[in-house]
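Below is one structure, written out as structure tokens; comments come after it.
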Amino acid sequence: MIVLNVLLLVLCSIYPLVDGVGFRGFTFQGLEEPEPLKKDADKDVIEGWIIQPLDHFNYRDNRSWSMRYRENSVFLKKNGPILIMIGGEWEISNGFLQGGLMYEIGSKYGALMYYTEHRYYGKSKPTKDISTENLQYLNVDQALADLAYFIETKKKEKNLEKSTVIVFGGSYAGNMAAWARLKYPHLIQGALASSAPIYAKADFYEYYEVVTKSLGKYSEKCVEDVKIAFDLVEELLTAQDGPDKLKLYFNLCNVPNVKSPSDLGYLMNTLAEVFAATVQYDNVENGQTKIAALCNNMTAAHLGSPLQRLAHVVSKQDKCLDVNYNNFVKKYRNISWDSPAVQDIMRQWYHQTCAEYGYYQTTSSNKSIFGTLFPLSYYIDICIDLYGDSYNDKILNSRVRRTNIMYGGQLPDLTNVIFTNGDIDPWHSLSVLKDLNAFSPAIVIKGSSHCRDIYSDAVTDIEDLKKARARIRDIISKWISL
């Protein structure tokens, strides 16, 4: 989630130019904001802060910090439910307290609604910097304890001890929604886990398999031409004048260093994430899907060869593309809260992937069409280069195993959790795709992408997505009515 690249973010444009690696890419900024469903909606939302322990599990450590949240209480009725949108690896805003699925339910049932900010993201800064030492306090165990502490505090403060609590989350925050119900069932009566990759996996090669398959659902010709383009890039990397040609084609800042596996991985991963982001966040824009727009360009003969078409959808003429691995490492080693690395939140999130989830979208599968140059070792090297030599493959594998033991992988022992996934979304293969039991259904939405169910119905939405939302509303209304 993280699940996350990396992904869940400001949603990418039709041709998103990404800057690197990992869970949904290094330009992730948070979930797309829903459209407000009433005028002057900002007046309904207030910002608040709550003191949290830095370490919930060490009674000898009495350090604390201020966690940010936002609140909408305009619909609250006596003993109404409490609905919480859980923040993930992004900065919270007013959006989900003004529109979207949770807001619709909250306004109907007289709920008190919150949007909580995850420690180490946005303005919720528990430590003086984000050094590797301080990032030990950034993990889902602590974040779930923050949520439990928040719920307990607010129920007492608002005199709502008997209120039903329902949590909502998308992507990595969808994991948190399910796991919060698992770990704190006395505080949380139900959860919606949207596009939640709850199974931790180091080598997530299935990601680009699904990207390939989703492109193929629109056009097999698209798949064919994308593969040709990536194969040609790899061929040019080994040709005598090939790297110079690639610099020209893709408006690179420098000629690729063919002697550096990390530089080659960084280049190829950057190109591939254009397709990953488009598929993951596919929806209708300007009368066509993002996948359609991308594939129509990748198959357009008038734009030249497949390689030239790839350059057309990736490169920006006003700014060269920096694919130097050392520059990337230098940027994300910066531990200051004021650094660009913190502003785009990926130093924090990437540490979570190195220490908890993996989620590395590799080229290990021969069913992928994006070349061969970013294997699992490429991502492990990033962990080592950003956080230290101890973040090696042994640590990664042990931490991934620990996450699945602690939280149940794809078979958690849960009730009252709805798992929703779009079958276009590359993350769905790490989620729950079959009902766990009669009380924890899995809803797979044909033709839908990442986290689309947590928004309000739109005229461009497919019928299966609208039906899924209707079923979610029905289930949650029953939880509230119990």
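Residues in the structure tokens are numbered from 1 in each chain, the chains being A, B, ... in the order shown, and ligands are numbered from 1 in the order shown.
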
Closest atom pairs, residues of region 300-362 of chain A within 12 Å of region 168-176 of chain A, only C-alpha atoms, as CSV:
residue,atom,partner,partner_atom,distance
A:Trp349,CA,A:Tyr172,CA,10.2
A:Gln352,CA,A:Tyr172,CA,10.6
A:Thr353,CA,A:Tyr172,CA,10.8
A:Glu356,CA,A:Tyr172,CA,11.7
A:Tyr357,CA,A:Tyr172,CA,10.1
A:Tyr359,CA,A:Tyr172,CA,10.9

Inset, instruction - Pull the strand (DSSP E) assignments for region 318-452 of chain A out of DSSP run on the backbone, and list those residues as a ChimeraX atom specification. - result: /A:358-360,417-422,442-445

Writing out the chosen residues with N, CA and C atoms as a CSV table (one decimal), in the first residue's frame:
chain,number,residue,atom,x,y,z
A,358,GLY,N,7.7,-4.8,1.4
A,358,GLY,CA,8.2,-5.1,0.1
A,358,GLY,C,7.4,-4.4,-0.9
A,359,TYR,N,6.5,-5.1,-1.6
A,359,TYR,CA,5.7,-4.5,-2.6
A,359,TYR,C,6.5,-4.1,-3.9
A,360,TYR,N,7.6,-4.7,-4.1
A,360,TYR,CA,8.5,-4.2,-5.2
A,360,TYR,C,8.1,-4.7,-6.5
A,417,VAL,N,-15.8,-6.7,7.7
A,417,VAL,CA,-14.9,-6.0,6.8
A,417,VAL,C,-15.2,-6.3,5.4
A,418,ILE,N,-15.4,-5.2,4.6
A,418,ILE,CA,-15.7,-5.3,3.2
A,418,ILE,C,-14.4,-5.1,2.4
A,419,PHE,N,-14.0,-6.0,1.6
A,419,PHE,CA,-12.8,-5.9,0.7
A,419,PHE,C,-13.3,-5.6,-0.7
A,420,THR,N,-12.9,-4.4,-1.2
A,420,THR,CA,-13.3,-4.1,-2.6
A,420,THR,C,-12.0,-3.9,-3.5
A,421,ASN,N,-12.1,-4.4,-4.7
A,421,ASN,CA,-11.0,-4.3,-5.6
A,421,ASN,C,-11.5,-4.2,-7.0
A,422,GLY,N,-10.9,-3.3,-7.8
A,422,GLY,CA,-11.1,-3.3,-9.3
A,422,GLY,C,-10.2,-4.3,-10.0
A,442,ALA,N,-16.0,-10.1,-0.2
A,442,ALA,CA,-15.0,-9.5,-1.2
A,442,ALA,C,-15.8,-9.1,-2.4
A,443,ILE,N,-15.7,-7.9,-2.8
A,443,ILE,CA,-16.4,-7.4,-4.0
A,443,ILE,C,-15.3,-7.0,-5.1
A,444,VAL,N,-15.3,-7.8,-6.1
A,444,VAL,CA,-14.4,-7.5,-7.2
A,444,VAL,C,-15.2,-6.8,-8.3
A,445,ILE,N,-14.7,-5.6,-8.7
A,445,ILE,CA,-15.4,-4.8,-9.6
A,445,ILE,C,-14.8,-4.8,-11.0

Inset, instruction - Return as JSON, numbers by chain the full set of residues in region 244-321 of chain A whose backbone-based DSSP assignment is helix (DSSP H, G or I). - result: {"A": [244, 245, 246, 247, 248, 249, 261, 262, 263, 264, 265, 266, 267, 268, 269, 270, 271, 272, 273, 274, 275, 276, 277, 278, 279, 280, 290, 291, 292, 293, 294, 295, 296, 297, 298, 301, 302, 303, 306, 307, 308, 309, 310, 311, 312, 313, 314]}

Legend entry - Test item: residues at most 10 Å from Lys316 (chain A), only C-alpha atoms, excluding those fewer than 5 positions along its chain, as a PyMOL selection string: chain A and resi 17+250-252+311+321

Would you write out those residues with N, CA and C atoms, as a PDB file, in the first residue's frame?
ATOM      1  N   LEU A  17       4.397  11.688 -15.858  1.00  0.00           N
ATOM      2  CA  LEU A  17       5.841  11.515 -15.848  1.00  0.00           C
ATOM      3  C   LEU A  17       6.278  11.314 -14.407  1.00  0.00           C
ATOM      4  N   PHE A 250      14.450  10.681 -25.438  1.00  0.00           N
ATOM      5  CA  PHE A 250      13.660  10.862 -24.221  1.00  0.00           C
ATOM      6  C   PHE A 250      13.988  12.159 -23.484  1.00  0.00           C
ATOM      7  N   ASN A 251      14.789  13.029 -24.106  1.00  0.00           N
ATOM      8  CA  ASN A 251      15.170  14.293 -23.482  1.00  0.00           C
ATOM      9  C   ASN A 251      15.728  14.059 -22.073  1.00  0.00           C
ATOM     10  N   LEU A 252      16.683  13.125 -21.996  1.00  0.00           N
ATOM     11  CA  LEU A 252      17.326  12.818 -20.724  1.00  0.00           C
ATOM     12  C   LEU A 252      18.344  13.899 -20.383  1.00  0.00           C
ATOM     13  N   ALA A 311       8.680   7.534 -26.479  1.00  0.00           N
ATOM     14  CA  ALA A 311       9.299   8.820 -26.153  1.00  0.00           C
ATOM     15  C   ALA A 311       8.267   9.938 -26.146  1.00  0.00           C
ATOM     16  N   LEU A 321      14.727  14.862 -18.328  1.00  0.00           N
ATOM     17  CA  LEU A 321      14.401  13.797 -17.388  1.00  0.00           C
ATOM     18  C   LEU A 321      15.686  13.286 -16.751  1.00  0.00           C
TER      19      LEU A 321
END

Might you pull out every residue within 12 Å of Ser305 (chain A), with only C-alpha atoms counted and same-chain residues fewer than 4 positions away left off, and present them as a PDB file with N, CA and C atoms, in the first residue's frame?
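Heads up, here's the output in out.pdb:
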ATOM      1  N   ASP A 225       3.060  -3.274 -29.092  1.00  0.00           N
ATOM      2  CA  ASP A 225       3.910  -2.129 -29.391  1.00  0.00           C
ATOM      3  C   ASP A 225       4.677  -1.644 -28.153  1.00  0.00           C
ATOM      4  N   VAL A 226       4.064  -1.736 -26.984  1.00  0.00           N
ATOM      5  CA  VAL A 226       4.786  -1.378 -25.757  1.00  0.00           C
ATOM      6  C   VAL A 226       5.973  -2.315 -25.558  1.00  0.00           C
ATOM      7  N   ILE A 228       7.605  -4.009 -27.858  1.00  0.00           N
ATOM      8  CA  ILE A 228       8.609  -3.684 -28.869  1.00  0.00           C
ATOM      9  C   ILE A 228       9.418  -2.468 -28.428  1.00  0.00           C
ATOM     10  N   ALA A 229       8.744  -1.451 -27.920  1.00  0.00           N
ATOM     11  CA  ALA A 229       9.418  -0.220 -27.507  1.00  0.00           C
ATOM     12  C   ALA A 229      10.410  -0.476 -26.380  1.00  0.00           C
ATOM     13  N   PHE A 230       9.988  -1.227 -25.365  1.00  0.00           N
ATOM     14  CA  PHE A 230      10.884  -1.498 -24.234  1.00  0.00           C
ATOM     15  C   PHE A 230      12.037  -2.401 -24.650  1.00  0.00           C
ATOM     16  N   LEU A 232      13.392  -2.412 -27.554  1.00  0.00           N
ATOM     17  CA  LEU A 232      14.304  -1.555 -28.314  1.00  0.00           C
ATOM     18  C   LEU A 232      15.145  -0.669 -27.396  1.00  0.00           C
ATOM     19  N   TYR A 249      16.156  10.905 -27.721  1.00  0.00           N
ATOM     20  CA  TYR A 249      14.748  10.508 -27.862  1.00  0.00           C
ATOM     21  C   TYR A 249      13.913  10.927 -26.653  1.00  0.00           C
ATOM     22  N   ASN A 297      -2.101   6.447 -28.349  1.00  0.00           N
ATOM     23  CA  ASN A 297      -0.830   7.063 -28.724  1.00  0.00           C
ATOM     24  C   ASN A 297       0.254   6.022 -28.975  1.00  0.00           C
ATOM     25  N   MET A 298       0.241   4.956 -28.178  1.00  0.00           N
ATOM     26  CA  MET A 298       1.265   3.921 -28.353  1.00  0.00           C
ATOM     27  C   MET A 298       1.056   3.098 -29.622  1.00  0.00           C
ATOM     28  N   THR A 299      -0.112   3.181 -30.216  1.00  0.00           N
ATOM     29  CA  THR A 299      -0.371   2.439 -31.455  1.00  0.00           C
ATOM     30  C   THR A 299      -0.547   3.357 -32.660  1.00  0.00           C
ATOM     31  N   ALA A 300      -0.260   4.637 -32.488  1.00  0.00           N
ATOM     32  CA  ALA A 300      -0.476   5.623 -33.558  1.00  0.00           C
ATOM     33  C   ALA A 300       0.717   5.635 -34.518  1.00  0.00           C
ATOM     34  N   ALA A 301       0.532   5.104 -35.684  1.00  0.00           N
ATOM     35  CA  ALA A 301       1.632   5.012 -36.658  1.00  0.00           C
ATOM     36  C   ALA A 301       2.179   6.378 -37.054  1.00  0.00           C
ATOM     37  N   ARG A 309       7.046   6.484 -30.254  1.00  0.00           N
ATOM     38  CA  ARG A 309       5.771   6.695 -29.559  1.00  0.00           C
ATOM     39  C   ARG A 309       5.974   6.681 -28.038  1.00  0.00           C
ATOM     40  N   LEU A 310       6.828   5.762 -27.573  1.00  0.00           N
ATOM     41  CA  LEU A 310       7.130   5.721 -26.139  1.00  0.00           C
ATOM     42  C   LEU A 310       7.755   7.038 -25.696  1.00  0.00           C
ATOM     43  N   ALA A 311       8.680   7.534 -26.479  1.00  0.00           N
ATOM     44  CA  ALA A 311       9.299   8.820 -26.153  1.00  0.00           C
ATOM     45  C   ALA A 311       8.267   9.938 -26.146  1.00  0.00           C
ATOM     46  N   HIS A 312       7.295   9.855 -27.043  1.00  0.00           N
ATOM     47  CA  HIS A 312       6.250  10.878 -27.130  1.00  0.00           C
ATOM     48  C   HIS A 312       5.414  10.941 -25.859  1.00  0.00           C
TER      49      HIS A 312
END

Legend entry - d(CA of Pro261 (chain A), CA of Leu215 (chain A)) in Å: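 Computing the Euclidean distance for CA of Pro261 (chain A) and CA of Leu215 (chain A) yields 27.7 Å.
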
Give me the region 64-98 of chain A side of the contact with region 136-148 of chain A, cut-off 12 Å, one line per residue showing its nearest atom pair and distance in Å at one decimal, counting only C-alpha atoms, sorted by chain and residue number, as JSON lines.
{"residue": "A:Ser64", "atom": "CA", "partner": "A:Asp146", "partner_atom": "CA", "distance": 11.3}
{"residue": "A:Trp65", "atom": "CA", "partner": "A:Asp146", "partner_atom": "CA", "distance": 10.8}
{"residue": "A:Ser66", "atom": "CA", "partner": "A:Asp146", "partner_atom": "CA", "distance": 10.7}
{"residue": "A:Met67", "atom": "CA", "partner": "A:Asp146", "partner_atom": "CA", "distance": 8.5}
{"residue": "A:Arg68", "atom": "CA", "partner": "A:Asp146", "partner_atom": "CA", "distance": 11.0}
{"residue": "A:Tyr69", "atom": "CA", "partner": "A:Leu147", "partner_atom": "CA", "distance": 10.6}
{"residue": "A:Ile84", "atom": "CA", "partner": "A:Leu147", "partner_atom": "CA", "distance": 9.5}
{"residue": "A:Met85", "atom": "CA", "partner": "A:Leu147", "partner_atom": "CA", "distance": 10.7}
{"residue": "A:Ile86", "atom": "CA", "partner": "A:Leu147", "partner_atom": "CA", "distance": 8.3}
{"residue": "A:Gly87", "atom": "CA", "partner": "A:Ala143", "partner_atom": "CA", "distance": 10.0}
{"residue": "A:Gly88", "atom": "CA", "partner": "A:Ala143", "partner_atom": "CA", "distance": 9.5}
{"residue": "A:Glu89", "atom": "CA", "partner": "A:Leu138", "partner_atom": "CA", "distance": 10.9}

The selected residues should be written to file as a PDB file, in the first residue's frame (atoms: N, CA and C atoms).
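As a result, out-v7.pdb now contains:
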ATOM      1  N   SER A  64       6.072  12.336  23.547  1.00  0.00           N
ATOM      2  CA  SER A  64       4.771  12.457  22.877  1.00  0.00           C
ATOM      3  C   SER A  64       4.897  13.411  21.688  1.00  0.00           C
ATOM      4  N   TRP A  65       3.843  13.486  20.904  1.00  0.00           N
ATOM      5  CA  TRP A  65       3.820  14.344  19.720  1.00  0.00           C
ATOM      6  C   TRP A  65       2.367  14.684  19.390  1.00  0.00           C
ATOM      7  N   SER A  66       2.156  15.640  18.496  1.00  0.00           N
ATOM      8  CA  SER A  66       0.803  16.087  18.146  1.00  0.00           C
ATOM      9  C   SER A  66       0.391  15.525  16.785  1.00  0.00           C
ATOM     10  N   MET A  67      -0.677  14.747  16.787  1.00  0.00           N
ATOM     11  CA  MET A  67      -1.228  14.179  15.557  1.00  0.00           C
ATOM     12  C   MET A  67      -2.379  15.049  15.062  1.00  0.00           C
ATOM     13  N   ARG A  68      -2.391  15.298  13.764  1.00  0.00           N
ATOM     14  CA  ARG A  68      -3.431  16.139  13.173  1.00  0.00           C
ATOM     15  C   ARG A  68      -4.620  15.304  12.715  1.00  0.00           C
ATOM     16  N   TYR A  69      -5.806  15.897  12.789  1.00  0.00           N
ATOM     17  CA  TYR A  69      -7.009  15.277  12.242  1.00  0.00           C
ATOM     18  C   TYR A  69      -7.949  16.379  11.771  1.00  0.00           C
ATOM     19  N   ILE A  84     -14.713   7.186  10.219  1.00  0.00           N
ATOM     20  CA  ILE A  84     -13.338   7.689  10.153  1.00  0.00           C
ATOM     21  C   ILE A  84     -12.697   7.280   8.834  1.00  0.00           C
ATOM     22  N   MET A  85     -12.266   8.280   8.069  1.00  0.00           N
ATOM     23  CA  MET A  85     -11.404   8.024   6.926  1.00  0.00           C
ATOM     24  C   MET A  85      -9.979   8.004   7.440  1.00  0.00           C
ATOM     25  N   ILE A  86      -9.300   6.905   7.221  1.00  0.00           N
ATOM     26  CA  ILE A  86      -7.941   6.747   7.727  1.00  0.00           C
ATOM     27  C   ILE A  86      -6.952   7.302   6.698  1.00  0.00           C
ATOM     28  N   GLY A  87      -6.105   8.204   7.149  1.00  0.00           N
ATOM     29  CA  GLY A  87      -5.070   8.723   6.273  1.00  0.00           C
ATOM     30  C   GLY A  87      -3.935   7.728   6.112  1.00  0.00           C
ATOM     31  N   GLY A  88      -3.385   7.669   4.927  1.00  0.00           N
ATOM     32  CA  GLY A  88      -2.253   6.800   4.654  1.00  0.00           C
ATOM     33  C   GLY A  88      -1.006   7.611   4.414  1.00  0.00           C
ATOM     34  N   GLU A  89      -0.236   7.248   3.385  1.00  0.00           N
ATOM     35  CA  GLU A  89       1.050   7.892   3.117  1.00  0.00           C
ATOM     36  C   GLU A  89       0.861   9.158   2.296  1.00  0.00           C
TER      37      GLU A  89
END

Legend entry - Shell of 9 Å around region 107-118 of chain A, only C-alpha atoms, local chain residues under 4 positions omitted, as an MDAnalysis selection string: chainID A and resid 67:94 96:97 102:103 122:124 143 146:147 150 477 480

Legend entry - Who sits within 12 Å of Leu237 (chain A), only C-alpha atoms, same chain under 5 positions skipped, as a PyMOL selection string: chain A and resi 230-232+242-247+255-261+263-265+267-268+371+373

Legend entry - Between CA of Cys295 (chain A) and CA of Asn269 (chain A), distance in Å (one decimal):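 These two atoms are separated by 18.6 Å.
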
Legend entry - Selected residue of minimal separation from Gly95 (chain A) among A:Tyr455, A:Pro185, A:Leu396, A:Arg333, counting only C-alpha atoms: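 When distances to Gly95 (chain A) are compared using only C-alpha atoms, the smallest one comes from A:Tyr455.
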
Inset, instruction - Measuring atom to atom with only C-alpha atoms, identify which of A:Ala468, A:Gln410, A:Thr460, A:Leu37 is nearest to Glu285 (chain A). - result: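 So, comparing all the options, the nearest one is A:Thr460.
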
Inset, instruction - Check the smallest atom-to-atom distance from each of A:Leu436, A:Ile424, A:Ala191, A:Ala341 to Tyr281 (chain A) using only C-alpha atoms, then report the winner. - result: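 Comparing A:Leu436, A:Ile424, A:Ala191, A:Ala341 against Tyr281 (chain A), the winner is A:Ile424.
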
Legend entry - Residue nearest Asn397 (chain A) among A:Glu33, A:Cys451, A:Cys354, A:Ile335 (counting only C-alpha atoms):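 Among A:Glu33, A:Cys451, A:Cys354, A:Ile335, it is A:Cys354 that comes nearest to Asn397 (chain A).
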
Inset, instruction - Could you tell me how far CA of Ile454 (chain A) lies from CA of Gly100 (chain A), in Å and to one decimal? - result: 6.1 Å

Legend entry - Residue contacts of Leu135 (chain A) (12 Å, only C-alpha atoms) excluding same-chain residues fewer than 2 positions away, as a PyMOL selection string: chain A and resi 54-55+119-121+125-133+137-140+142+335+347-352+354-355+386-387

Inset, instruction - Would you mind telling me which residue in A:Ile291, A:Ala239, A:Cys253, A:Leu414 lies nearest to Lys183 (chain A) when using only C-alpha atoms? - result: A:Leu414
